[in-house]
$ cat query-v5.txt   # compact mmCIF, C-alpha atoms and all ligand atoms
# COMPACT_ATOMS: atom_id res chain seq x y z
CA MET A 1 32.01 16.37 -26.01
CA LYS A 2 29.14 14.03 -26.84
CA PHE A 3 27.97 11.75 -24.05
CA ILE A 4 26.19 8.46 -24.70
CA PRO A 5 23.25 8.42 -22.26
CA TYR A 6 21.76 5.18 -20.92
CA GLY A 7 18.43 6.00 -22.60
CA LYS A 8 16.96 8.52 -25.00
CA GLN A 9 13.64 9.23 -26.71
CA TYR A 10 13.13 8.73 -30.45
CA ILE A 11 11.07 11.55 -31.97
CA ILE A 12 10.62 12.05 -35.71
CA ASN A 13 8.89 14.69 -37.83
CA LYS A 14 5.67 12.68 -37.98
CA ASP A 15 5.45 12.92 -34.17
CA LYS A 16 5.98 16.66 -34.34
CA ARG A 17 3.31 17.12 -37.01
CA ILE A 18 0.62 15.35 -35.01
CA VAL A 19 1.47 17.37 -31.88
CA LEU A 20 1.14 20.56 -33.92
CA LYS A 21 -2.16 19.35 -35.33
CA SER A 22 -3.51 18.64 -31.84
CA LEU A 23 -2.95 22.28 -30.93
CA SER A 24 -5.47 23.40 -33.54
CA ASN A 25 -8.33 21.43 -31.96
CA ASP A 26 -10.99 23.19 -29.90
CA LEU A 27 -10.13 20.98 -26.95
CA ILE A 28 -6.48 20.57 -26.10
CA THR A 29 -7.22 18.63 -22.93
CA THR A 30 -10.01 16.08 -22.22
CA GLY A 31 -10.50 16.09 -25.99
CA PRO A 32 -10.45 13.72 -28.96
CA TYR A 33 -6.78 12.68 -28.72
CA VAL A 34 -7.26 11.45 -25.15
CA GLU A 35 -10.23 9.35 -26.23
CA LYS A 36 -8.52 8.01 -29.33
CA PHE A 37 -5.30 7.18 -27.46
CA GLU A 38 -7.19 5.32 -24.72
CA GLU A 39 -9.16 3.40 -27.34
CA VAL A 40 -5.97 2.35 -29.18
CA LEU A 41 -4.22 1.43 -25.91
CA LYS A 42 -7.16 -0.76 -24.90
CA LYS A 43 -6.91 -2.67 -28.16
CA TYR A 44 -3.12 -2.91 -28.06
CA LEU A 45 -3.00 -4.12 -24.47
CA LYS A 46 -6.14 -6.28 -24.75
CA CYS A 47 -7.74 -5.02 -21.53
CA LYS A 48 -11.24 -3.80 -20.76
CA TYR A 49 -10.26 -0.36 -19.45
CA ALA A 50 -7.23 1.81 -20.25
CA TYR A 51 -6.76 5.36 -18.99
CA VAL A 52 -4.01 7.87 -19.45
CA CYS A 53 -2.80 10.13 -16.67
CA SER A 54 -0.09 12.68 -16.01
CA SER A 55 2.76 10.27 -15.12
CA GLY A 56 3.69 6.72 -14.15
CA THR A 57 3.78 7.95 -10.56
CA ALA A 58 0.21 9.27 -10.89
CA ALA A 59 -0.80 5.89 -12.38
CA ILE A 60 0.59 4.06 -9.32
CA HIS A 61 -1.09 6.50 -6.93
CA LEU A 62 -4.37 6.10 -8.84
CA ALA A 63 -3.99 2.32 -8.62
CA MET A 64 -3.67 2.46 -4.83
CA LEU A 65 -6.54 4.94 -4.52
CA SER A 66 -8.82 2.95 -6.81
CA LEU A 67 -8.38 -0.19 -4.67
CA ASN A 68 -9.69 1.92 -1.76
CA LEU A 69 -6.52 1.31 0.24
CA LYS A 70 -6.72 3.04 3.61
CA LYS A 71 -4.39 4.08 6.42
CA ASN A 72 -2.55 1.07 7.95
CA ASP A 73 -3.55 -1.29 5.14
CA VAL A 74 -0.63 -3.61 4.41
CA VAL A 75 1.15 -3.45 1.05
CA ILE A 76 4.24 -5.38 0.08
CA MET A 77 6.58 -4.18 -2.66
CA PRO A 78 10.14 -4.63 -4.02
CA ALA A 79 13.05 -3.29 -1.98
CA VAL A 80 14.64 -2.30 -5.30
CA ASN A 81 12.44 -0.04 -7.39
CA PHE A 82 12.06 3.54 -8.46
CA ILE A 83 10.73 5.44 -5.44
CA ALA A 84 7.27 6.20 -6.91
CA ALA A 85 5.29 3.26 -5.43
CA TYR A 86 6.91 3.60 -2.01
CA ASN A 87 6.23 7.35 -1.83
CA ALA A 88 2.62 6.95 -2.95
CA ALA A 89 2.01 4.26 -0.34
CA LYS A 90 3.68 6.35 2.38
CA ILE A 91 1.62 9.41 1.47
CA MET A 92 -1.50 7.23 1.84
CA GLN A 93 -0.16 6.10 5.25
CA LEU A 94 -0.16 2.44 4.23
CA LYS A 95 1.91 -0.09 6.13
CA ILE A 96 4.73 -1.11 3.82
CA TYR A 97 6.92 -4.22 3.85
CA LEU A 98 9.79 -4.41 1.40
CA ILE A 99 10.50 -7.66 -0.44
CA ASP A 100 14.05 -8.76 -1.24
CA VAL A 101 15.03 -9.17 -4.91
CA ASP A 102 17.03 -11.60 -7.01
CA LYS A 103 20.70 -10.62 -7.04
CA TYR A 104 20.96 -10.68 -10.83
CA THR A 105 17.59 -9.48 -12.18
CA GLY A 106 16.80 -7.05 -9.35
CA GLN A 107 13.26 -8.45 -9.32
CA ILE A 108 11.16 -9.99 -6.58
CA THR A 109 10.45 -13.72 -7.01
CA PRO A 110 7.67 -15.93 -5.62
CA ASN A 111 10.21 -17.16 -3.04
CA THR A 112 11.22 -13.70 -1.85
CA VAL A 113 7.53 -12.74 -1.56
CA ILE A 114 6.85 -15.85 0.54
CA GLU A 115 9.94 -15.13 2.67
CA CYS A 116 8.81 -11.54 3.27
CA ILE A 117 5.37 -12.72 4.40
CA ARG A 118 6.87 -15.41 6.62
CA LYS A 119 9.62 -13.34 8.22
CA ASN A 120 7.36 -10.40 8.99
CA LYS A 121 4.44 -12.67 10.00
CA ILE A 122 2.10 -10.68 7.77
CA VAL A 123 -1.49 -11.89 7.88
CA ASN A 124 -3.69 -9.44 6.05
CA ILE A 125 -2.04 -8.17 2.88
CA LYS A 126 -4.16 -5.81 0.82
CA ALA A 127 -1.85 -5.41 -2.17
CA LEU A 128 1.34 -6.65 -3.75
CA VAL A 129 3.23 -4.26 -6.04
CA THR A 130 5.31 -6.10 -8.64
CA MET A 131 7.96 -4.55 -10.88
CA TYR A 132 9.58 -5.92 -14.04
CA ASN A 133 13.01 -4.41 -13.72
CA GLY A 134 14.35 -3.45 -17.13
CA GLY A 135 11.22 -4.74 -18.90
CA TYR A 136 11.65 -8.50 -18.32
CA PRO A 137 8.31 -9.69 -16.93
CA GLU A 138 9.17 -12.70 -14.79
CA TYR A 139 6.71 -14.72 -12.65
CA SER A 140 3.44 -12.91 -13.51
CA LYS A 141 1.45 -16.13 -13.28
CA GLU A 142 3.22 -17.27 -10.10
CA PHE A 143 2.44 -13.96 -8.38
CA TYR A 144 -1.17 -14.49 -9.43
CA ASP A 145 -1.15 -17.88 -7.69
CA LEU A 146 0.08 -16.16 -4.52
CA LYS A 147 -2.67 -13.56 -4.90
CA LYS A 148 -5.27 -16.32 -4.92
CA LYS A 149 -3.72 -17.97 -1.88
CA HIS A 150 -3.39 -14.79 0.19
CA ASN A 151 -6.31 -12.87 -1.26
CA PHE A 152 -4.49 -9.64 -2.09
CA SER A 153 -4.69 -7.36 -5.12
CA ILE A 154 -1.80 -7.07 -7.55
CA ILE A 155 -0.64 -3.70 -8.85
CA GLU A 156 1.94 -4.16 -11.58
CA ASP A 157 4.42 -1.29 -11.61
CA SER A 158 5.08 -2.13 -15.24
CA CYS A 159 6.62 1.25 -16.01
CA HIS A 160 9.52 -0.53 -17.76
CA ALA A 161 7.39 -3.08 -19.54
CA LEU A 162 5.14 -1.49 -22.15
CA GLY A 163 5.21 -3.91 -25.09
CA ALA A 164 6.49 -6.81 -22.98
CA GLY A 165 4.62 -10.04 -22.31
CA TYR A 166 4.82 -13.66 -21.22
CA LYS A 167 3.64 -17.05 -22.32
CA TYR A 168 1.49 -19.25 -20.15
CA LYS A 169 0.09 -22.59 -21.34
CA ASP A 170 0.97 -21.72 -24.94
CA LYS A 171 -0.98 -18.49 -24.79
CA PHE A 172 0.75 -15.13 -24.98
CA TYR A 173 -0.25 -12.33 -22.58
CA LYS A 174 0.80 -8.73 -22.92
CA ILE A 175 1.66 -6.88 -19.72
CA GLY A 176 -1.28 -4.52 -19.27
CA CYS A 177 -3.93 -7.11 -20.22
CA CYS A 178 -4.39 -7.72 -16.46
CA LYS A 179 -5.14 -11.39 -16.95
CA HIS A 180 -3.01 -12.21 -13.91
CA SER A 181 -3.20 -8.93 -12.02
CA ASP A 182 -5.74 -6.32 -10.95
CA ILE A 183 -4.08 -3.19 -12.28
CA SER A 184 -1.11 -2.43 -14.54
CA THR A 185 0.63 0.92 -14.60
CA PHE A 186 3.02 2.35 -17.19
CA SER A 187 5.18 5.44 -17.58
CA MET A 188 5.62 7.45 -20.77
CA HIS A 189 8.60 9.39 -19.49
CA PRO A 190 10.97 10.12 -22.43
CA LEU A 191 13.24 7.18 -21.64
CA LYS A 192 10.47 4.55 -21.63
CA THR A 193 9.27 2.35 -24.54
CA ILE A 194 7.13 5.19 -25.91
CA THR A 195 6.89 8.76 -24.69
CA SER A 196 4.22 11.41 -24.42
CA GLY A 197 6.67 13.90 -22.91
CA GLU A 198 5.49 13.00 -19.42
CA GLY A 199 2.57 10.65 -18.96
CA GLY A 200 1.21 7.44 -17.52
CA ILE A 201 -1.18 4.63 -18.43
CA ILE A 202 -3.30 2.56 -16.09
CA THR A 203 -5.25 -0.54 -17.12
CA THR A 204 -7.69 -2.94 -15.48
CA ASN A 205 -10.51 -5.34 -16.33
CA LYS A 206 -12.57 -4.47 -13.26
CA LYS A 207 -15.45 -2.03 -13.62
CA LYS A 208 -15.38 -0.72 -10.04
CA ILE A 209 -11.64 -0.05 -10.22
CA ALA A 210 -12.09 1.66 -13.60
CA GLU A 211 -14.81 3.93 -12.24
CA ASN A 212 -12.61 4.86 -9.30
CA ILE A 213 -9.64 5.63 -11.57
CA LYS A 214 -11.75 8.01 -13.63
CA LEU A 215 -13.04 9.77 -10.52
CA PHE A 216 -9.69 10.07 -8.73
CA ARG A 217 -8.00 11.27 -11.93
CA ASN A 218 -10.32 14.25 -12.09
CA HIS A 219 -10.90 15.65 -8.57
CA GLY A 220 -13.48 12.97 -7.71
CA MET A 221 -15.84 14.86 -9.99
CA LYS A 222 -18.97 13.43 -11.60
CA ARG A 223 -20.69 15.61 -14.16
CA ASN A 224 -24.37 15.59 -14.91
CA LYS A 225 -24.73 14.21 -18.43
CA SER A 226 -27.62 16.38 -19.60
CA LYS A 227 -26.89 19.56 -17.62
CA HIS A 228 -23.24 20.38 -18.36
CA TRP A 229 -23.08 23.09 -15.68
CA LYS A 230 -23.84 20.69 -12.84
CA TYR A 231 -21.41 18.37 -11.07
CA ASP A 232 -20.90 16.63 -7.77
CA ILE A 233 -17.69 15.62 -5.95
CA LEU A 234 -17.79 11.95 -4.95
CA LYS A 235 -14.16 11.42 -3.82
CA HIS A 236 -11.21 13.47 -2.68
CA GLY A 237 -9.35 13.31 -5.97
CA TYR A 238 -6.57 14.95 -7.95
CA ASN A 239 -5.85 16.49 -11.30
CA TYR A 240 -3.93 13.61 -12.84
CA ARG A 241 -5.26 14.21 -16.37
CA LEU A 242 -3.04 14.04 -19.45
CA SER A 243 -3.51 16.71 -22.12
CA ASP A 244 -4.46 16.09 -25.76
CA ILE A 245 -1.08 17.48 -26.77
CA ASN A 246 0.66 14.71 -24.83
CA CYS A 247 -1.81 12.12 -26.11
CA ALA A 248 -1.20 13.13 -29.72
CA LEU A 249 2.49 12.39 -29.21
CA GLY A 250 1.72 9.16 -27.34
CA LEU A 251 -0.57 7.98 -30.12
CA SER A 252 2.04 8.67 -32.77
CA GLN A 253 4.69 6.90 -30.70
CA LEU A 254 2.48 3.88 -30.08
CA SER A 255 2.14 3.38 -33.83
CA LYS A 256 5.92 2.77 -33.89
CA ILE A 257 6.14 0.48 -30.87
CA ASN A 258 6.99 -2.66 -32.85
CA PHE A 259 9.83 -0.85 -34.56
CA PHE A 260 11.07 0.39 -31.15
CA LEU A 261 10.94 -3.09 -29.64
CA LYS A 262 12.73 -4.61 -32.61
CA LYS A 263 15.54 -2.06 -32.42
CA ARG A 264 15.97 -2.60 -28.68
CA LYS A 265 16.04 -6.36 -29.17
CA LYS A 266 18.77 -6.01 -31.77
CA ILE A 267 20.89 -3.98 -29.35
CA TYR A 268 20.22 -6.50 -26.58
CA LYS A 269 21.32 -9.38 -28.81
CA LYS A 270 24.55 -7.66 -29.82
CA TYR A 271 25.47 -6.91 -26.20
CA SER A 272 24.65 -10.49 -25.23
CA LYS A 273 26.79 -11.92 -27.99
CA GLU A 274 29.74 -9.68 -27.16
CA LEU A 275 29.61 -9.90 -23.38
CA LYS A 276 28.06 -13.23 -22.46
CA ASN A 277 31.08 -15.45 -22.16
CA PHE A 278 33.69 -12.77 -22.19
CA ASP A 279 34.75 -12.91 -18.52
CA ARG A 280 33.43 -15.01 -15.64
CA ASN A 281 33.19 -11.92 -13.46
CA LEU A 282 30.73 -10.30 -15.84
CA ILE A 283 27.30 -11.90 -15.66
CA ILE A 284 24.26 -11.15 -17.79
CA PRO A 285 21.02 -12.07 -16.00
CA ASN A 286 19.31 -15.19 -17.27
CA TYR A 287 15.62 -14.72 -17.94
CA SER A 288 12.90 -17.28 -18.45
CA LYS A 289 12.32 -18.44 -22.02
CA ASN A 290 8.62 -17.67 -21.57
CA ILE A 291 8.94 -13.92 -21.64
CA ASN A 292 8.97 -11.34 -24.41
CA PRO A 293 10.86 -8.40 -22.92
CA SER A 294 10.53 -4.72 -23.80
CA PHE A 295 14.36 -4.43 -23.39
CA HIS A 296 14.04 -1.18 -21.45
CA LEU A 297 17.38 -1.75 -19.71
CA PHE A 298 20.42 -3.88 -20.36
CA LEU A 299 21.74 -5.03 -16.98
CA ILE A 300 25.19 -6.38 -16.37
CA ASN A 301 26.44 -7.78 -13.12
CA ILE A 302 30.12 -7.40 -12.32
CA GLN A 303 31.70 -9.31 -9.45
CA PHE A 304 33.55 -6.24 -8.24
CA ASN A 305 34.93 -7.90 -5.11
CA LYS A 306 36.78 -10.42 -7.32
CA LEU A 307 38.22 -7.54 -9.34
CA LYS A 308 39.06 -5.68 -6.11
CA ARG A 309 37.17 -2.66 -7.40
CA ASN A 310 33.67 -1.24 -6.94
CA LYS A 311 30.71 0.05 -8.91
CA ASP A 312 31.60 3.73 -8.47
CA HIS A 313 35.00 3.02 -9.98
CA PHE A 314 33.37 1.39 -13.02
CA LEU A 315 30.75 4.13 -13.49
CA LYS A 316 33.47 6.77 -13.30
CA PHE A 317 35.66 4.82 -15.73
CA LEU A 318 32.80 4.77 -18.26
CA LYS A 319 31.98 8.43 -17.64
CA ASP A 320 35.57 9.37 -18.44
CA LYS A 321 34.95 7.70 -21.78
CA ASN A 322 31.72 9.72 -22.22
CA ILE A 323 29.46 6.77 -21.50
CA LEU A 324 26.75 7.46 -18.94
CA ALA A 325 25.81 4.09 -17.43
CA GLN A 326 23.35 4.02 -14.51
CA GLN A 327 22.21 2.08 -11.47
CA HIS A 328 18.57 0.91 -11.37
CA TYR A 329 17.96 1.40 -8.51
CA ILE A 330 19.36 2.37 -5.12
CA PRO A 331 17.42 0.09 -2.71
CA ILE A 332 14.65 1.95 -0.91
CA TYR A 333 15.92 1.00 2.55
CA LYS A 334 19.11 2.99 1.87
CA PHE A 335 17.33 6.34 1.69
CA SER A 336 17.10 8.80 4.62
CA ILE A 337 13.28 8.56 4.56
CA TYR A 338 13.39 4.85 5.42
CA ASP A 339 12.83 4.33 9.12
CA LYS A 340 12.60 0.56 9.60
CA ASN A 341 14.92 -2.37 10.11
CA LYS A 342 17.34 -2.43 7.19
CA LYS A 343 18.61 -5.97 7.65
CA ASN A 344 17.99 -9.14 5.67
CA PHE A 345 17.99 -7.81 2.13
CA PHE A 346 20.80 -10.07 0.92
CA GLY A 347 19.69 -10.28 -2.72
CA SER A 348 19.09 -6.52 -2.92
CA GLU A 349 22.52 -5.80 -1.41
CA ALA A 350 24.27 -8.08 -3.91
CA TYR A 351 22.25 -6.62 -6.78
CA PHE A 352 23.04 -3.08 -5.71
CA THR A 353 26.73 -3.79 -5.26
CA ASN A 354 27.22 -5.38 -8.66
CA SER A 355 24.53 -4.32 -11.10
CA ILE A 356 24.81 -1.61 -13.73
CA SER A 357 22.67 -0.72 -16.71
CA ILE A 358 24.50 0.19 -19.85
CA PRO A 359 23.05 2.32 -22.68
CA ILE A 360 20.16 0.89 -24.66
CA PHE A 361 17.82 3.03 -26.75
CA VAL A 362 16.37 3.03 -30.27
CA LYS A 363 18.85 5.53 -31.67
CA LEU A 364 21.97 3.86 -30.25
CA ASN A 365 24.04 3.21 -33.36
CA LYS A 366 26.48 0.37 -34.01
CA LYS A 367 29.54 2.62 -33.66
CA ASP A 368 28.51 3.81 -30.19
CA GLN A 369 27.53 0.33 -29.11
CA ASP A 370 30.94 -0.97 -30.26
CA LYS A 371 32.57 1.82 -28.27
CA ILE A 372 30.65 0.78 -25.14
CA VAL A 373 31.56 -2.90 -25.58
CA SER A 374 35.24 -2.04 -26.14
CA ALA A 375 35.32 0.17 -23.04
CA ILE A 376 33.84 -2.61 -20.89
CA LYS A 377 36.29 -5.17 -22.26
CA TYR A 378 39.19 -2.82 -21.67
CA TYR A 379 38.08 -2.37 -18.04
CA PHE A 380 38.60 -6.08 -17.44
CA LYS A 381 42.06 -6.08 -19.04
CA LYS A 382 43.35 -3.04 -17.13
C1 LIG A 401 9.74 1.36 -12.32
C2 LIG A 401 9.20 2.75 -12.35
N1 LIG A 401 8.12 3.02 -11.63
C3 LIG A 401 7.58 4.26 -11.65
C4 LIG A 401 8.12 5.28 -12.37
C5 LIG A 401 7.51 6.65 -12.35
O1 LIG A 401 7.11 7.05 -13.63
P1 LIG A 401 7.06 8.60 -14.00
O2 LIG A 401 8.44 9.11 -14.08
O3 LIG A 401 6.34 8.63 -15.31
O4 LIG A 401 6.27 9.26 -12.92
C6 LIG A 401 9.27 5.04 -13.13
C7 LIG A 401 9.88 6.11 -13.92
O5 LIG A 401 11.02 6.40 -13.88
C8 LIG A 401 9.83 3.74 -13.10
O6 LIG A 401 10.95 3.46 -13.81

$ encode --input "query-v5.txt" --output "structure tokens" --more "lines below"
Ligand SMILES: Cc1ncc(COP(=O)(O)O)c(C=O)c1O
Amino acid sequence: MKFIPYGKQYIINKDKRIVLKSLSNDLITTGPYVEKFEEVLKKYLKCKYAYVCSSGTAAIHLAMLSLNLKKNDVVIMPAVNFIAAYNAAKIMQLKIYLIDVDKYTGQITPNTVIECIRKNKIVNIKALVTMYNGGYPEYSKEFYDLKKKHNFSIIEDSCHALGAGYKYKDKFYKIGCCKHSDISTFSMHPLKTITSGEGGIITTNKKKIAENIKLFRNHGMKRNKSKHWKYDILKHGYNYRLSDINCALGLSQLSKINFFLKKRKKIYKKYSKELKNFDRNLIIPNYSKNINPSFHLFLINIQFNKLKRNKDHFLKFLKDKNILAQQHYIPIYKFSIYDKNKKNFFGSEAYFTNSISIPIFVKLNKKDQDKIVSAIKYYFKK
């Protein structure tokens, strides 16, 4: 029986050919495809420095390392996010405060950031991690204003938002250009906007940060330019490199990004049209008019308490119809590893209780999308 997943990669023969070609090069890692891909990414994202690495998680870890964050430095980050940023910060022994999110978008807002700082009486914040849940980049400029006020760095966990952007004063900024942040990080996991199999991207406009990223990505190693056999180790780093094989695929995928975004937008529009005013207990988050999303996820919010049902019931109902919807994400404070006060996350609780992401990916065809819409509508009639 064929399941409809919530996301899926789109790979065509052209992608396969370039991967095969990359295997014939003398260098299949740290070679020409890495260089080319980084060059193209820099142009596409309009930033000064763009580097690839082994995953979105590695990109976030590199971001924290490159800011020279140290034990007990304070970072604040969303209570609802994929676990990567939290784990990286914990491994670095940073002091973490979680920020509540909006109950519909699942994203932090300037108000929830301010509330987190106020409630926890935080005075010396080193970094704020932002996250554009589902690829809808809200409040980038407003977070930048808070950065200036509190003097912290901004790491954008923009793993959902490759290809997304926002308008500010009639100018359009792509996420990754780092105009209103210090570092942006992206994932190229198969379900993201583009894929390199596994892979990550990290961008910045700051030279010092860029130098650190390059060092930490490759064992902290600096090679002597004229004597290739000599090198020194300047930092305790990692192997977070991405191979040429992955970069060949990434490069080929990036050339199709506009097509991918267009397809996702079309799916988004159809869902919106079908589901927007269908039932008052089904809410589609409202986003600012100033953003250009990447449409990574399509979130719906169901007022389960009014229906006297719950999210598990709905997810199981869809699964029985071969539709694999998902939850993005379980709040971090719900995990066994979390050891602090779990109270006061009202937005995150409401988001977690009611929010589901339904399938959206380039290859999702009209027939399957109609099937998903019909199943959801039937759920409300039952
Ligand atoms: C928001 C977010 N952050 C970080 C990551 C980690 O990326 P990766 O899986 O490439 O390590 C993901 C990937 O699922 C993600 O969705």

$ atom_distance --input "query-v5.txt" --atom1 "CA of Gly134 (chain A)" --atom2 "CA of Arg217 (chain A)"
27.3 Å

$ atom_distance --input "query-v5.txt" --atom1 "CA of Ile28 (chain A)" --atom2 "atom O1 of ligand LIG 401 (chain A)"
22.9 Å

$ residues_near_ligand --input "query-v5.txt" --ligand "ligand LIG 401 (chain A)" --cutoff "6 Å" --atoms "all atoms listed in the file" --output "list of chain:residue names"
A:Ser55, A:Gly56, A:Thr57, A:Asn81, A:Phe82, A:Ala84, A:Asp157, A:Cys159, A:His160, A:Ser187, A:Met188, A:His189, A:Gly199, A:Gly200

$ axis_aligned_box --input "query-v5.txt" --around "region 27-36 of chain A" --padding-each-side "4 Å" --output "lines of an AutoDock Vina configuration file"
center_x = -8.5
center_y = 14.5
center_z = -25.8
size_x = 12.0
size_y = 21.0
size_z = 15.1

$ atom_distance --input "query-v5.txt" --atom1 "CA of Asn151 (chain A)" --atom2 "CA of Glu138 (chain A)"
20.6 Å

$ closest_residue --input "query-v5.txt" --among "A:Cys177, A:Ile154, A:Ile83, A:Val373" --to "Lys276 (chain A)" --atoms "all atoms listed in the file"
A:Val373

$ closest_residue --input "query-v5.txt" --among "A:Lys334, A:Lys377, A:Lys340, A:Lys382" --to "Asp279 (chain A)" --atoms "all atoms listed in the file"
A:Lys377

$ closest_residue --input "query-v5.txt" --among "A:Asn239, A:Asn133, A:Ser226, A:Ser140" --to "Phe172 (chain A)" --atoms "only C-alpha atoms"
A:Ser140

$ closest_residue --input "query-v5.txt" --among "A:Ala50, A:Ala85, A:Leu67, A:Leu20" --to "Ile245 (chain A)" --atoms "only C-alpha atoms"
A:Leu20

$ closest_residue --input "query-v5.txt" --among "A:Ala63, A:Lys8, A:Asn87, A:Tyr33" --to "Tyr338 (chain A)" --atoms "only C-alpha atoms"
A:Asn87

$ closest_residue --input "query-v5.txt" --among "A:Pro32, A:Gly135, A:Pro331, A:Gly176" --to "Cys47 (chain A)" --atoms "all atoms listed in the file"
A:Gly176

$ residues_around --input "query-v5.txt" --residues "Thr353 (chain A)" --least-positions-apart "5" --cutoff "12 Å" --atoms "all atoms listed in the file" --output "mmCIF file with C-alpha atoms, keeping the file's coordinate frame"
data_model
loop_
_atom_site.group_PDB
_atom_site.id
_atom_site.type_symbol
_atom_site.label_atom_id
_atom_site.label_comp_id
_atom_site.auth_asym_id
_atom_site.auth_seq_id
_atom_site.Cartn_x
_atom_site.Cartn_y
_atom_site.Cartn_z
ATOM 1 C CA LYS A 103 20.700 -10.620 -7.040
ATOM 2 C CA TYR A 104 20.960 -10.680 -10.830
ATOM 3 C CA GLY A 106 16.800 -7.050 -9.350
ATOM 4 C CA ILE A 300 25.190 -6.380 -16.370
ATOM 5 C CA ASN A 301 26.440 -7.780 -13.120
ATOM 6 C CA ILE A 302 30.120 -7.400 -12.320
ATOM 7 C CA GLN A 303 31.700 -9.310 -9.450
ATOM 8 C CA PHE A 304 33.550 -6.240 -8.240
ATOM 9 C CA ASN A 305 34.930 -7.900 -5.110
ATOM 10 C CA ARG A 309 37.170 -2.660 -7.400
ATOM 11 C CA ASN A 310 33.670 -1.240 -6.940
ATOM 12 C CA LYS A 311 30.710 0.050 -8.910
ATOM 13 C CA ASP A 312 31.600 3.730 -8.470
ATOM 14 C CA HIS A 313 35.000 3.020 -9.980
ATOM 15 C CA PHE A 314 33.370 1.390 -13.020
ATOM 16 C CA GLN A 327 22.210 2.080 -11.470
ATOM 17 C CA HIS A 328 18.570 0.910 -11.370
ATOM 18 C CA TYR A 329 17.960 1.400 -8.510
ATOM 19 C CA ILE A 330 19.360 2.370 -5.120
ATOM 20 C CA PRO A 331 17.420 0.090 -2.710
ATOM 21 C CA PHE A 346 20.800 -10.070 0.920
ATOM 22 C CA GLY A 347 19.690 -10.280 -2.720
ATOM 23 C CA SER A 348 19.090 -6.520 -2.920
#

$ residues_around --input "query-v5.txt" --residues "region 247-252 of chain A" --least-positions-apart "6" --cutoff "12 Å" --atoms "all atoms listed in the file" --output "number ranges by chain"
A: 9-25, 28-41, 44, 51-54, 187-190, 192-201, 241

$ residues_around --input "query-v5.txt" --residues "Phe3 (chain A)" --least-positions-apart "2" --cutoff "7 Å" --atoms "all atoms listed in the file" --output "PDB file with C-alpha atoms, in the coordinates of the input"
ATOM      1  CA  MET A   1      32.010  16.370 -26.010  1.00  0.00           C
ATOM      2  CA  PRO A   5      23.250   8.420 -22.260  1.00  0.00           C
ATOM      3  CA  ASN A 322      31.720   9.720 -22.220  1.00  0.00           C
ATOM      4  CA  ILE A 323      29.460   6.770 -21.500  1.00  0.00           C
ATOM      5  CA  LEU A 324      26.750   7.460 -18.940  1.00  0.00           C
TER       6      LEU A 324
END

$ residues_around --input "query-v5.txt" --residues "Glu274 (chain A)" --least-positions-apart "5" --cutoff "12 Å" --atoms "only C-alpha atoms" --output "mmCIF file with C-alpha atoms, in the coordinates of the input"
data_model
loop_
_atom_site.group_PDB
_atom_site.id
_atom_site.type_symbol
_atom_site.label_atom_id
_atom_site.label_comp_id
_atom_site.auth_asym_id
_atom_site.auth_seq_id
_atom_site.Cartn_x
_atom_site.Cartn_y
_atom_site.Cartn_z
ATOM 1 C CA ILE A 267 20.890 -3.980 -29.350
ATOM 2 C CA TYR A 268 20.220 -6.500 -26.580
ATOM 3 C CA LYS A 269 21.320 -9.380 -28.810
ATOM 4 C CA ASP A 279 34.750 -12.910 -18.520
ATOM 5 C CA LEU A 282 30.730 -10.300 -15.840
ATOM 6 C CA ILE A 283 27.300 -11.900 -15.660
ATOM 7 C CA ILE A 284 24.260 -11.150 -17.790
ATOM 8 C CA GLN A 369 27.530 0.330 -29.110
ATOM 9 C CA ASP A 370 30.940 -0.970 -30.260
ATOM 10 C CA LYS A 371 32.570 1.820 -28.270
ATOM 11 C CA ILE A 372 30.650 0.780 -25.140
ATOM 12 C CA VAL A 373 31.560 -2.900 -25.580
ATOM 13 C CA SER A 374 35.240 -2.040 -26.140
ATOM 14 C CA ILE A 376 33.840 -2.610 -20.890
ATOM 15 C CA LYS A 377 36.290 -5.170 -22.260
#

$ residues_around --input "query-v5.txt" --residues "Ile257 (chain A)" --least-positions-apart "3" --cutoff "10 Å" --atoms "all atoms listed in the file" --output "list of chain:residue names"
A:Leu162, A:Gly163, A:Thr193, A:Ile194, A:Ser252, A:Gln253, A:Leu254, A:Phe260, A:Leu261, A:Lys262, A:Lys263, A:Ser294
